[in-house]
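Undergrad: The following file, final.tsv, comprises TSV, C-alpha atoms:
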chain	number	residue	atom	x	y	z
A	1	PRO	CA	198.47	167.62	-28.11
A	2	ASN	CA	202.00	166.23	-28.64
A	3	GLY	CA	201.86	166.18	-32.42
A	4	GLU	CA	203.45	163.28	-34.27
A	5	GLN	CA	204.75	161.75	-31.03
A	6	ASP	CA	201.17	160.83	-30.09
A	7	TYR	CA	200.91	158.88	-33.33
A	8	TRP	CA	204.08	156.90	-32.63
A	9	ASP	CA	202.98	156.25	-29.04
A	10	ALA	CA	199.68	154.86	-30.35
A	11	CYS	CA	201.49	152.60	-32.85
A	12	ARG	CA	203.76	151.38	-30.07
A	13	ALA	CA	200.79	150.61	-27.81
A	14	TYR	CA	199.20	148.60	-30.62
A	15	MET	CA	202.35	146.54	-31.18
A	16	ASP	CA	203.01	146.17	-27.46
A	17	ILE	CA	199.64	144.45	-27.05
A	18	LEU	CA	200.28	142.01	-29.91
A	19	TYR	CA	203.85	141.17	-28.91
A	20	GLY	CA	203.02	141.15	-25.20
A	21	ARG	CA	200.16	138.71	-25.59
A	22	MET	CA	202.26	136.40	-27.72
A	23	LEU	CA	204.89	136.39	-24.98
A	24	LYS	CA	202.23	135.50	-22.41
A	25	THR	CA	201.29	132.39	-24.36
A	26	ALA	CA	204.87	131.08	-24.14
A	27	SER	CA	205.45	128.43	-21.53
A	28	GLY	CA	209.05	129.02	-20.49
A	29	GLY	CA	208.93	132.48	-18.93
A	30	GLU	CA	210.60	134.09	-21.94
A	31	GLN	CA	211.93	137.64	-21.58
A	32	TYR	CA	212.74	138.39	-25.21
A	33	PHE	CA	210.66	138.59	-28.35
A	34	LEU	CA	212.14	138.13	-31.83
A	35	ASP	CA	210.11	139.26	-34.82
A	36	LYS	CA	211.72	137.78	-37.94
A	37	THR	CA	208.97	138.69	-40.42
A	38	PRO	CA	210.84	139.26	-43.73
A	39	ALA	CA	208.48	142.01	-44.86
A	40	ASN	CA	209.58	144.12	-41.89
A	41	ALA	CA	212.61	144.98	-44.05
A	42	LEU	CA	210.29	147.10	-46.19
A	43	VAL	CA	208.98	149.15	-43.25
A	44	LEU	CA	212.21	149.68	-41.30
A	45	PRO	CA	211.75	153.48	-40.98
A	46	PHE	CA	208.40	152.74	-39.32
A	47	MET	CA	209.86	150.02	-37.10
A	48	GLU	CA	212.69	152.19	-35.81
A	49	LYS	CA	210.27	155.01	-35.01
A	50	VAL	CA	208.03	152.68	-33.03
A	51	TYR	CA	210.86	150.78	-31.32
A	52	PRO	CA	213.98	153.00	-31.32
A	53	ASP	CA	215.48	151.01	-28.42
A	54	ALA	CA	214.99	147.60	-30.05
A	55	LYS	CA	218.05	145.78	-31.37
A	56	TYR	CA	217.99	145.08	-35.08
A	57	ILE	CA	219.92	142.18	-36.63
A	58	VAL	CA	220.23	142.72	-40.37
A	59	LEU	CA	220.92	139.37	-42.06
A	60	THR	CA	221.99	139.71	-45.69
A	61	ARG	CA	222.92	137.14	-48.32
A	62	HIS	CA	224.22	137.17	-51.89
A	63	PRO	CA	221.25	138.58	-53.85
A	64	ALA	CA	221.34	135.75	-56.40
A	65	ALA	CA	221.24	133.17	-53.61
A	66	ILE	CA	218.30	134.97	-52.00
A	67	PHE	CA	216.22	134.88	-55.16
A	68	ALA	CA	217.17	131.30	-56.02
A	69	SER	CA	216.15	130.15	-52.54
A	70	TYR	CA	212.90	132.12	-52.75
A	71	ALA	CA	211.98	130.78	-56.20
A	72	ASN	CA	212.90	127.18	-55.44
A	73	SER	CA	211.27	127.11	-52.02
A	74	PHE	CA	207.95	128.72	-52.85
A	75	PHE	CA	207.54	128.56	-56.66
A	76	ASP	CA	208.99	125.13	-57.47
A	77	GLY	CA	211.89	126.70	-59.35
A	78	ASP	CA	209.75	128.94	-61.57
A	79	PHE	CA	211.84	132.11	-61.47
A	80	GLN	CA	209.51	134.15	-63.68
A	81	SER	CA	206.49	133.39	-61.51
A	82	ALA	CA	208.51	134.28	-58.42
A	83	LEU	CA	209.49	137.58	-60.04
A	84	ASN	CA	205.93	138.35	-61.08
A	85	PHE	CA	204.71	137.72	-57.56
A	86	ASN	CA	207.40	139.74	-55.79
A	87	PRO	CA	210.63	141.19	-57.25
A	88	ILE	CA	212.33	140.80	-53.88
A	89	ILE	CA	215.86	141.82	-54.94
A	90	SER	CA	214.86	145.20	-56.32
A	91	ARG	CA	212.60	145.82	-53.31
A	92	TYR	CA	214.58	144.49	-50.37
A	93	VAL	CA	218.22	145.26	-51.16
A	94	PRO	CA	217.75	149.06	-51.48
A	95	ALA	CA	215.46	149.20	-48.43
A	96	MET	CA	217.87	147.29	-46.21
A	97	ALA	CA	220.92	149.14	-47.53
A	98	SER	CA	219.25	152.47	-46.79
A	99	PHE	CA	218.58	151.32	-43.23
A	100	LEU	CA	222.17	150.20	-42.72
A	101	ARG	CA	223.52	153.53	-43.98
A	102	GLN	CA	221.15	155.90	-42.23
A	103	THR	CA	219.78	154.34	-39.07
A	104	GLU	CA	220.85	155.37	-35.59
A	105	VAL	CA	219.06	152.53	-33.80
A	106	PRO	CA	221.18	149.66	-32.38
A	107	HIS	CA	221.86	147.24	-35.25
A	108	LEU	CA	224.21	144.44	-36.25
A	109	HIS	CA	224.92	143.44	-39.86
A	110	VAL	CA	225.47	139.70	-40.32
A	111	ARG	CA	226.23	138.14	-43.71
A	112	TYR	CA	224.72	134.70	-44.30
A	113	GLU	CA	227.99	133.44	-45.81
A	114	ASP	CA	229.90	134.40	-42.66
A	115	LEU	CA	227.22	132.87	-40.46
A	116	VAL	CA	227.34	129.44	-42.08
A	117	SER	CA	231.14	129.47	-42.52
A	118	ASP	CA	231.83	130.16	-38.85
A	119	PRO	CA	228.54	129.86	-36.94
A	120	GLU	CA	230.19	129.93	-33.50
A	121	LYS	CA	231.88	133.26	-34.23
A	122	ALA	CA	228.68	134.73	-35.68
A	123	LEU	CA	226.67	133.53	-32.68
A	124	LEU	CA	229.18	135.12	-30.32
A	125	ARG	CA	228.84	138.45	-32.15
A	126	ILE	CA	225.05	138.24	-31.98
A	127	SER	CA	225.07	137.27	-28.29
A	128	ASP	CA	227.39	140.16	-27.43
A	129	PHE	CA	225.21	142.56	-29.41
A	130	LEU	CA	222.04	141.39	-27.68
A	131	GLY	CA	223.66	141.29	-24.25
A	132	ILE	CA	222.69	137.66	-23.64
A	133	PRO	CA	224.89	134.72	-22.53
A	134	TYR	CA	226.83	133.02	-25.31
A	135	GLU	CA	225.72	129.39	-25.64
A	136	PRO	CA	227.84	127.52	-28.23
A	137	GLU	CA	225.35	124.66	-28.43
A	138	ALA	CA	222.76	127.02	-29.88
A	139	VAL	CA	224.26	126.46	-33.34
A	140	ASN	CA	222.92	122.89	-33.15
A	141	TYR	CA	219.38	124.14	-33.44
A	142	LYS	CA	217.71	120.76	-33.89
A	143	LYS	CA	218.75	119.62	-30.42
A	144	ALA	CA	216.01	121.77	-28.89
A	145	ASP	CA	212.31	121.20	-29.40
A	146	VAL	CA	210.50	124.28	-30.64
A	147	ALA	CA	206.80	124.60	-29.99
A	148	GLY	CA	204.88	125.07	-33.20
A	149	LYS	CA	206.12	125.07	-36.77
A	150	GLY	CA	206.69	128.36	-38.55
A	151	LEU	CA	206.09	129.38	-42.15
A	152	GLY	CA	209.77	129.75	-43.07
A	153	ASP	CA	211.82	128.10	-45.80
A	154	PRO	CA	210.21	124.65	-46.26
A	155	VAL	CA	213.23	123.27	-48.13
A	156	GLY	CA	216.59	124.33	-46.74
A	157	VAL	CA	216.69	124.48	-42.96
A	158	ALA	CA	214.88	121.23	-42.32
A	159	GLN	CA	217.65	119.21	-43.99
A	160	HIS	CA	220.38	120.08	-41.51
A	161	ASN	CA	221.07	120.13	-37.79
A	162	ARG	CA	223.30	123.23	-37.87
A	163	PRO	CA	224.36	125.92	-40.35
A	164	VAL	CA	226.22	124.47	-43.35
A	165	THR	CA	228.09	125.98	-46.30
A	166	ALA	CA	226.59	123.70	-48.97
A	167	SER	CA	224.17	126.34	-50.23
A	168	ILE	CA	226.54	129.32	-50.44
A	169	HIS	CA	227.22	128.96	-54.18
A	170	LYS	CA	224.51	126.47	-55.07
A	171	TRP	CA	222.82	129.15	-57.18
A	172	ALA	CA	225.86	129.49	-59.47
A	173	SER	CA	225.64	125.99	-60.97
A	174	GLU	CA	221.87	126.36	-61.27
A	175	PHE	CA	222.25	129.60	-63.24
A	176	ALA	CA	224.97	128.10	-65.45
A	177	ALA	CA	222.62	125.26	-66.34
A	178	ASP	CA	219.69	127.61	-67.03
A	179	PRO	CA	220.69	131.07	-68.34
A	180	LYS	CA	217.07	132.26	-68.19
A	181	LYS	CA	217.21	132.07	-64.39
A	182	PHE	CA	220.38	134.15	-64.45
A	183	GLU	CA	218.65	136.73	-66.65
A	184	VAL	CA	215.74	137.09	-64.21
A	185	VAL	CA	218.12	137.86	-61.36
A	186	ALA	CA	220.65	139.93	-63.33
A	187	LYS	CA	217.88	142.18	-64.69
A	188	GLN	CA	216.67	142.90	-61.17
A	189	LEU	CA	220.18	143.67	-59.95
A	190	SER	CA	220.84	145.98	-62.89
A	191	GLY	CA	218.33	148.37	-61.35
A	192	VAL	CA	219.94	148.31	-57.90
A	193	PRO	CA	222.64	150.97	-57.35
A	194	ASP	CA	226.14	149.62	-56.73
A	195	GLU	CA	226.21	151.60	-53.48
A	196	ASP	CA	223.30	149.54	-52.19
A	197	VAL	CA	224.92	146.24	-53.19
A	198	ILE	CA	228.13	147.27	-51.41
A	199	THR	CA	226.26	148.33	-48.28
A	200	PHE	CA	224.41	145.00	-48.45
A	201	GLY	CA	227.83	143.37	-48.07
A	202	TYR	CA	228.87	142.40	-51.60
A	203	ASP	CA	231.23	143.67	-54.30
A	204	PRO	CA	229.39	144.37	-57.59
A	205	SER	CA	232.57	143.70	-59.58
A	206	THR	CA	232.88	140.13	-58.27
A	207	LEU	CA	229.20	139.33	-57.81
A	208	TRP	CA	229.11	136.71	-60.57
A	209	ASP	CA	232.55	135.20	-60.00
A	210	PRO	CA	231.14	131.94	-58.52
A	211	MET	CA	229.68	131.22	-61.98
Using C-alpha coordinates, write down the structure from this file.
TA:
Amino acid sequence: PNGEQDYWDACRAYMDILYGRMLKTASGGEQYFLDKTPANALVLPFMEKVYPDAKYIVLTRHPAAIFASYANSFFDGDFQSALNFNPIISRYVPAMASFLRQTEVPHLHVRYEDLVSDPEKALLRISDFLGIPYEPEAVNYKKADVAGKGLGDPVGVAQHNRPVTASIHKWASEFAADPKKFEVVAKQLSGVPDEDVITFGYDPSTLWDPM
(Lines of atoms letter the chains of each structure in order from A and count residues from 1; the text may use other names and numbers.)
(Lines give C-alpha, C1' and ligand atoms only; values in the text may rest on other atoms or scores of the structure.)
Protein backbone atom coordinates (compact mmCIF):
# COMPACT_ATOMS: atom_id res chain seq x y z
CA PRO A 1 0.00 0.00 0.00
CA ASN A 2 2.92 2.41 0.57
CA GLY A 3 4.78 1.56 -2.61
CA GLU A 4 8.57 1.37 -2.50
CA GLN A 5 8.65 2.46 1.15
CA ASP A 6 7.20 -0.92 2.14
CA TYR A 7 10.13 -2.60 0.42
CA TRP A 8 12.69 -0.52 2.32
CA ASP A 9 10.85 -1.10 5.60
CA ALA A 10 11.00 -4.85 4.97
CA CYS A 11 14.74 -4.70 4.21
CA ARG A 12 15.29 -2.70 7.38
CA ALA A 13 13.34 -5.23 9.46
CA TYR A 14 15.47 -8.03 8.03
CA MET A 15 18.72 -6.24 8.90
CA ASP A 16 17.43 -5.13 12.29
CA ILE A 17 16.92 -8.76 13.28
CA LEU A 18 20.44 -9.78 12.21
CA TYR A 19 22.20 -6.81 13.79
CA GLY A 20 19.96 -6.86 16.86
CA ARG A 21 20.61 -10.50 17.60
CA MET A 22 24.35 -10.04 17.19
CA LEU A 23 24.19 -7.22 19.73
CA LYS A 24 22.31 -9.46 22.15
CA THR A 25 25.14 -12.00 22.08
CA ALA A 26 27.63 -9.36 23.24
CA SER A 27 28.52 -9.50 26.90
CA GLY A 28 29.24 -5.88 27.76
CA GLY A 29 25.88 -4.20 27.22
CA GLU A 30 26.99 -2.59 23.96
CA GLN A 31 24.83 0.18 22.49
CA TYR A 32 26.49 0.54 19.09
CA PHE A 33 26.95 -1.80 16.17
CA LEU A 34 29.72 -1.34 13.60
CA ASP A 35 29.47 -3.22 10.31
CA LYS A 36 32.86 -3.02 8.59
CA THR A 37 32.17 -5.51 5.79
CA PRO A 38 34.28 -4.24 2.85
CA ALA A 39 31.75 -5.35 0.25
CA ASN A 40 29.23 -2.91 1.72
CA ALA A 41 31.08 -0.28 -0.31
CA LEU A 42 29.54 -1.81 -3.44
CA VAL A 43 25.96 -1.53 -2.14
CA LEU A 44 26.08 1.91 -0.52
CA PRO A 45 22.94 3.21 -2.31
CA PHE A 46 21.09 0.24 -0.77
CA MET A 47 22.64 0.77 2.65
CA GLU A 48 21.71 4.45 2.82
CA LYS A 49 18.13 3.69 1.80
CA VAL A 50 17.80 1.07 4.54
CA TYR A 51 19.64 3.07 7.21
CA PRO A 52 19.46 6.78 6.28
CA ASP A 53 20.16 7.79 9.91
CA ALA A 54 23.24 5.59 10.30
CA LYS A 55 26.65 7.25 10.39
CA TYR A 56 28.99 6.20 7.63
CA ILE A 57 32.78 6.36 8.02
CA VAL A 58 34.42 6.17 4.60
CA LEU A 59 38.02 5.01 5.00
CA THR A 60 40.10 5.42 1.84
CA ARG A 61 43.73 4.65 1.06
CA HIS A 62 46.11 5.14 -1.86
CA PRO A 63 44.69 2.75 -4.50
CA ALA A 64 48.08 1.14 -5.14
CA ALA A 65 48.51 0.45 -1.43
CA ILE A 66 45.02 -1.05 -1.26
CA PHE A 67 45.71 -3.52 -4.04
CA ALA A 68 49.20 -4.39 -2.80
CA SER A 69 47.81 -5.14 0.67
CA TYR A 70 44.98 -7.20 -0.81
CA ALA A 71 47.26 -9.23 -3.09
CA ASN A 72 49.93 -9.83 -0.46
CA SER A 73 47.51 -10.66 2.33
CA PHE A 74 45.22 -13.05 0.51
CA PHE A 75 47.06 -14.19 -2.65
CA ASP A 76 50.64 -14.54 -1.39
CA GLY A 77 51.78 -11.66 -3.59
CA ASP A 78 50.28 -13.00 -6.82
CA PHE A 79 48.87 -9.77 -8.25
CA GLN A 80 47.42 -11.36 -11.38
CA SER A 81 45.48 -13.95 -9.39
CA ALA A 82 44.22 -11.20 -7.09
CA LEU A 83 43.07 -9.22 -10.13
CA ASN A 84 41.39 -12.22 -11.70
CA PHE A 85 39.51 -12.91 -8.49
CA ASN A 86 38.39 -9.34 -7.85
CA PRO A 87 39.57 -6.13 -9.60
CA ILE A 88 38.95 -4.17 -6.41
CA ILE A 89 40.37 -0.81 -7.57
CA SER A 90 38.13 -0.50 -10.61
CA ARG A 91 35.13 -1.65 -8.58
CA TYR A 92 35.53 0.06 -5.23
CA VAL A 93 37.06 3.46 -6.02
CA PRO A 94 34.22 4.63 -8.34
CA ALA A 95 31.53 3.24 -6.03
CA MET A 96 32.92 4.96 -2.94
CA ALA A 97 33.65 8.20 -4.80
CA SER A 98 30.08 8.30 -6.07
CA PHE A 99 28.81 7.88 -2.51
CA LEU A 100 31.04 10.67 -1.20
CA ARG A 101 29.86 13.06 -3.92
CA GLN A 102 26.16 12.31 -3.89
CA THR A 103 25.07 11.03 -0.51
CA GLU A 104 23.07 13.07 1.96
CA VAL A 105 23.41 10.60 4.84
CA PRO A 106 25.78 11.49 7.73
CA HIS A 107 29.29 10.52 6.65
CA LEU A 108 32.93 11.20 7.48
CA HIS A 109 35.80 10.72 5.02
CA VAL A 110 39.03 9.50 6.66
CA ARG A 111 42.22 8.86 4.69
CA TYR A 112 44.32 5.94 5.89
CA GLU A 113 47.52 8.00 5.55
CA ASP A 114 46.12 10.68 7.85
CA LEU A 115 44.88 8.08 10.30
CA VAL A 116 48.26 6.40 10.77
CA SER A 117 50.22 9.68 10.68
CA ASP A 118 48.19 11.28 13.47
CA PRO A 119 45.93 8.61 14.98
CA GLU A 120 44.91 10.73 17.98
CA LYS A 121 43.64 13.52 15.73
CA ALA A 122 41.80 11.06 13.47
CA LEU A 123 40.24 9.34 16.47
CA LEU A 124 39.06 12.67 17.82
CA ARG A 125 37.39 13.47 14.49
CA ILE A 126 35.70 10.06 14.44
CA SER A 127 34.56 10.35 18.06
CA ASP A 128 33.10 13.81 17.44
CA PHE A 129 31.33 12.55 14.33
CA LEU A 130 29.84 9.57 16.16
CA GLY A 131 28.95 11.60 19.23
CA ILE A 132 30.83 9.30 21.59
CA PRO A 133 33.44 10.18 24.26
CA TYR A 134 36.98 10.63 22.98
CA GLU A 135 39.29 8.03 24.54
CA PRO A 136 42.94 8.61 23.51
CA GLU A 137 43.97 5.14 24.66
CA ALA A 138 41.77 3.60 21.98
CA VAL A 139 44.61 4.03 19.48
CA ASN A 140 46.51 1.35 21.43
CA TYR A 141 44.10 -1.29 20.23
CA LYS A 142 46.02 -4.31 21.51
CA LYS A 143 45.58 -3.23 25.13
CA ALA A 144 41.98 -4.44 25.06
CA ASP A 145 40.94 -8.04 24.64
CA VAL A 146 38.48 -8.54 21.81
CA ALA A 147 36.20 -11.55 21.90
CA GLY A 148 36.58 -13.65 18.78
CA LYS A 149 38.94 -13.22 15.87
CA GLY A 150 37.71 -11.63 12.67
CA LEU A 151 38.50 -12.40 9.04
CA GLY A 152 40.40 -9.16 8.36
CA ASP A 153 43.92 -8.58 7.10
CA PRO A 154 45.93 -11.57 8.41
CA VAL A 155 49.27 -9.86 7.81
CA GLY A 156 49.36 -6.17 8.69
CA VAL A 157 47.39 -5.30 11.81
CA ALA A 158 48.61 -8.19 13.92
CA GLN A 159 52.20 -6.92 13.81
CA HIS A 160 51.58 -3.67 15.66
CA ASN A 161 49.99 -2.35 18.83
CA ARG A 162 48.81 0.94 17.29
CA PRO A 163 48.58 2.58 13.85
CA VAL A 164 52.01 3.03 12.24
CA THR A 165 53.26 4.77 9.10
CA ALA A 166 55.57 1.96 7.94
CA SER A 167 53.15 0.74 5.28
CA ILE A 168 52.18 4.07 3.72
CA HIS A 169 54.63 3.81 0.80
CA LYS A 170 55.65 0.18 1.15
CA TRP A 171 53.97 -0.55 -2.18
CA ALA A 172 56.28 1.85 -4.05
CA SER A 173 59.48 -0.13 -3.48
CA GLU A 174 57.62 -3.36 -4.23
CA PHE A 175 56.42 -2.00 -7.58
CA ALA A 176 59.88 -0.65 -8.43
CA ALA A 177 61.32 -4.12 -7.87
CA ASP A 178 58.59 -5.82 -9.93
CA PRO A 179 57.19 -3.69 -12.79
CA LYS A 180 54.57 -6.35 -13.58
CA LYS A 181 52.86 -5.60 -10.27
CA PHE A 182 52.84 -1.91 -11.17
CA GLU A 183 51.27 -2.74 -14.53
CA VAL A 184 48.42 -4.69 -12.89
CA VAL A 185 47.53 -1.72 -10.71
CA ALA A 186 48.18 1.03 -13.27
CA LYS A 187 45.95 -0.70 -15.82
CA GLN A 188 43.08 -0.80 -13.33
CA LEU A 189 43.54 2.86 -12.43
CA SER A 190 43.64 3.89 -16.09
CA GLY A 191 39.95 2.99 -16.26
CA VAL A 192 39.01 5.03 -13.18
CA PRO A 193 38.04 8.66 -13.92
CA ASP A 194 40.34 11.29 -12.40
CA GLU A 195 37.29 12.81 -10.70
CA ASP A 196 36.80 9.60 -8.75
CA VAL A 197 40.46 9.42 -7.71
CA ILE A 198 40.31 13.03 -6.51
CA THR A 199 37.09 12.42 -4.57
CA PHE A 200 38.75 9.32 -3.10
CA GLY A 201 41.33 11.71 -1.65
CA TYR A 202 44.30 11.54 -4.02
CA ASP A 203 45.82 13.67 -6.78
CA PRO A 204 46.11 11.73 -10.08
CA SER A 205 49.07 13.88 -11.15
CA THR A 206 51.16 12.85 -8.13
CA LEU A 207 49.81 9.35 -7.60
CA TRP A 208 53.06 7.63 -8.55
CA ASP A 209 55.48 10.12 -7.00
CA PRO A 210 56.46 7.74 -4.13
CA MET A 211 58.05 5.50 -6.78
Undergrad: Set the distance at 8 Å and use all atoms listed in the file: which residues neighbour A:Ala65 once local chain neighbours fewer than 3 positions away are removed? I'd like the list as a ChimeraX atom specification.
TA: /A:61-62,68-69,168-171
Undergrad: Enclose the full set of atoms of stretch 67-74 of chain A listed in the file within a box whose edges lie along x, y and z, apply 4 Å of padding to each of the six sides, and report centre and edge lengths in Å to one decimal as lines of an AutoDock Vina configuration file.
TA:
center_x = 212.6
center_y = 131.0
center_z = -54.1
size_x = 17.2
size_y = 15.8
size_z = 12.2
Undergrad: To one decimal in Å, tell me the separation between atom CA of A:Leu130 and atom CA of A:Val50.
TA: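 Separating atom CA of A:Leu130 from atom CA of A:Val50 is a distance of 18.8 Å.
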Undergrad: Give me, as a list in words, all polymer residues having an atom no more than 12 Å from A:Phe85, counting only C-alpha atoms and skipping those fewer than 2 positions away in the same chain.
TA: Tyr70, Ala71, Phe74, Phe75, Asp78, Phe79, Gln80, Ser81, Ala82, Leu83, Pro87 and Ile88 of chain A
Undergrad: Rank A:Trp208, A:Tyr112, A:Tyr32, A:Phe200 by their smallest atom-to-atom distance to A:Tyr92, using all atoms listed in the file, and report the top residue only.
TA: A:Phe200
Undergrad: Could you check how far atom CA of A:Phe33 sits from atom CA of A:Ile89, in Å to one decimal?
TA: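 Spanning atom CA of A:Phe33 to atom CA of A:Ile89 is a straight-line distance of 27.3 Å.
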Undergrad: What is the distance between atom CA of A:Lys180 and atom CA of A:Leu115, in Å to one decimal?
TA: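 According to the coordinates, atom CA of A:Lys180 and atom CA of A:Leu115 are separated by 29.5 Å.
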Undergrad: Measuring atom to atom with all atoms listed in the file, identify which of A:Ala13, A:Leu100, A:Leu42, A:Val93 is nearest to A:Phe67.
TA: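 Checking each candidate against A:Phe67, we get A:Val93 as the closest.
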Undergrad: Which of these, A:Leu124, A:Phe129, A:Pro63, A:Ala41, has the shortest distance to A:Val184 once you count all atoms listed in the file?
TA: A:Pro63
Undergrad: Point out the residue among A:Gly29, A:Gly77, A:Pro45, A:Pro38 with the least atom-to-atom distance to A:Lys181, counting all atoms listed in the file.
TA: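 Closest candidate: A:Gly77.
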Undergrad: Taking all atoms listed in the file into account, which of A:Ala97, A:Leu23, A:Asp114, A:Tyr202 comes nearest A:Asp35?
TA: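 The answer is A:Leu23, which sits nearest to A:Asp35.
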Undergrad: Pick out the residues sitting within 12 Å of A:Met15, and hand them over as number ranges by chain; count all atoms listed in the file, and ignore anything fewer than 2 positions along from it in its own chain.
TA: A: 8-13, 17-22, 33, 35, 46-47, 50-51
Undergrad: Determine the nearest neighbour of A:Ala138 from the options A:Ser117, A:Thr103, A:Asn161, A:Gln188, counting only C-alpha atoms.
TA: A:Asn161
Undergrad: May I have the residues at most 12 Å from (221.9, 145.5, -61.9) in the file's coordinates, counting all atoms listed in the file, as an MDAnalysis selection string?
TA: chainID A and resid 63:64 89:90 93:94 182:197 204:205 207:208
Undergrad: Would you list the residues near (226.9, 123.4, -36.2), meaning any protein, DNA or RNA residue with an atom at most 12 Å from that point in file coordinates, counting all atoms listed in the file, as a ChimeraX atom specification?
TA: /A:115-123,136-143,160-165
Undergrad: Any idea what's packed within 9 Å of A:Ile57, counting only C-alpha atoms, ignoring anything in its chain fewer than 6 positions away? Could you give it as a ChimeraX atom specification?
TA: /A:106-110,126,129
Undergrad: Kindly add all heavy atoms to the incomplete stretch 3-14 of chain A and provide the output as a tab-separated table (two decimals), in the frame of the given file.
TA:
chain	number	residue	atom	x	y	z
A	3	GLY	N	201.52	166.31	-31.01
A	3	GLY	CA	201.86	166.18	-32.42
A	3	GLY	C	202.13	164.75	-32.85
A	3	GLY	O	201.47	163.81	-32.41
A	4	GLU	N	203.16	164.58	-33.69
A	4	GLU	CA	203.45	163.28	-34.27
A	4	GLU	C	203.82	162.24	-33.21
A	4	GLU	O	203.61	161.04	-33.41
A	4	GLU	CB	204.60	163.42	-35.28
A	4	GLU	CG	204.84	162.16	-36.10
A	4	GLU	CD	205.94	162.35	-37.14
A	4	GLU	OE1	206.51	163.46	-37.22
A	4	GLU	OE2	206.24	161.38	-37.86
A	5	GLN	N	204.35	162.69	-32.07
A	5	GLN	CA	204.75	161.75	-31.03
A	5	GLN	C	203.56	160.94	-30.53
A	5	GLN	O	203.70	159.76	-30.19
A	5	GLN	CB	205.39	162.50	-29.85
A	5	GLN	CG	205.98	161.57	-28.80
A	5	GLN	CD	207.02	160.61	-29.36
A	5	GLN	OE1	207.90	161.02	-30.13
A	5	GLN	NE2	206.92	159.34	-29.01
A	6	ASP	N	202.37	161.56	-30.51
A	6	ASP	CA	201.17	160.83	-30.09
A	6	ASP	C	200.87	159.69	-31.06
A	6	ASP	O	200.40	158.61	-30.65
A	6	ASP	CB	199.97	161.78	-30.01
A	6	ASP	CG	200.05	162.70	-28.81
A	6	ASP	OD1	200.76	162.35	-27.85
A	6	ASP	OD2	199.41	163.77	-28.84
A	7	TYR	N	201.13	159.93	-32.34
A	7	TYR	CA	200.91	158.88	-33.33
A	7	TYR	C	201.84	157.70	-33.08
A	7	TYR	O	201.41	156.54	-33.07
A	7	TYR	CB	201.13	159.45	-34.74
A	7	TYR	CG	201.20	158.39	-35.82
A	7	TYR	CD1	200.04	157.76	-36.29
A	7	TYR	CD2	202.42	158.00	-36.38
A	7	TYR	CE1	200.09	156.80	-37.27
A	7	TYR	CE2	202.49	157.03	-37.37
A	7	TYR	CZ	201.32	156.44	-37.81
A	7	TYR	OH	201.38	155.46	-38.78
A	8	TRP	N	203.12	157.99	-32.86
A	8	TRP	CA	204.08	156.90	-32.63
A	8	TRP	C	203.80	156.18	-31.32
A	8	TRP	O	203.95	154.95	-31.23
A	8	TRP	CB	205.51	157.43	-32.65
A	8	TRP	CG	205.92	157.95	-34.00
A	8	TRP	CD1	206.26	159.23	-34.32
A	8	TRP	CD2	205.97	157.21	-35.22
A	8	TRP	NE1	206.53	159.33	-35.65
A	8	TRP	CE2	206.37	158.10	-36.23
A	8	TRP	CE3	205.73	155.88	-35.55
A	8	TRP	CZ2	206.53	157.71	-37.56
A	8	TRP	CZ3	205.89	155.48	-36.86
A	8	TRP	CH2	206.28	156.38	-37.86
A	9	ASP	N	203.36	156.89	-30.31
A	9	ASP	CA	202.98	156.25	-29.04
A	9	ASP	C	201.82	155.30	-29.24
A	9	ASP	O	201.76	154.22	-28.65
A	9	ASP	CB	202.63	157.31	-28.00
A	9	ASP	CG	203.85	158.10	-27.51
A	9	ASP	OD1	204.98	157.63	-27.75
A	9	ASP	OD2	203.65	159.16	-26.88
A	10	ALA	N	200.86	155.71	-30.08
A	10	ALA	CA	199.68	154.86	-30.35
A	10	ALA	C	200.10	153.60	-31.12
A	10	ALA	O	199.63	152.50	-30.82
A	10	ALA	CB	198.64	155.65	-31.14
A	11	CYS	N	201.00	153.77	-32.09
A	11	CYS	CA	201.49	152.60	-32.85
A	11	CYS	C	202.23	151.64	-31.92
A	11	CYS	O	202.08	150.42	-32.03
A	11	CYS	CB	202.43	153.06	-33.96
A	11	CYS	SG	201.61	153.94	-35.31
A	12	ARG	N	203.00	152.21	-31.01
A	12	ARG	CA	203.76	151.38	-30.07
A	12	ARG	C	202.82	150.62	-29.14
A	12	ARG	O	203.03	149.44	-28.83
A	12	ARG	CB	204.72	152.25	-29.27
A	12	ARG	CG	205.71	151.45	-28.40
A	12	ARG	CD	206.71	152.38	-27.72
A	12	ARG	NE	207.43	153.19	-28.69
A	12	ARG	CZ	207.27	154.50	-28.83
A	12	ARG	NH1	206.41	155.16	-28.05
A	12	ARG	NH2	207.95	155.16	-29.73
A	13	ALA	N	201.76	151.27	-28.69
A	13	ALA	CA	200.79	150.61	-27.81
A	13	ALA	C	200.12	149.45	-28.53
A	13	ALA	O	199.91	148.37	-27.96
A	13	ALA	CB	199.75	151.62	-27.34
A	14	TYR	N	199.81	149.65	-29.81
A	14	TYR	CA	199.20	148.60	-30.62
A	14	TYR	C	200.12	147.38	-30.72
A	14	TYR	O	199.71	146.24	-30.49
A	14	TYR	CB	198.90	149.18	-32.00
A	14	TYR	CG	198.52	148.18	-33.06
A	14	TYR	CD1	197.20	147.74	-33.19
A	14	TYR	CD2	199.46	147.70	-33.98
A	14	TYR	CE1	196.83	146.84	-34.18
A	14	TYR	CE2	199.10	146.80	-34.97
A	14	TYR	CZ	197.79	146.38	-35.06
A	14	TYR	OH	197.44	145.49	-36.05
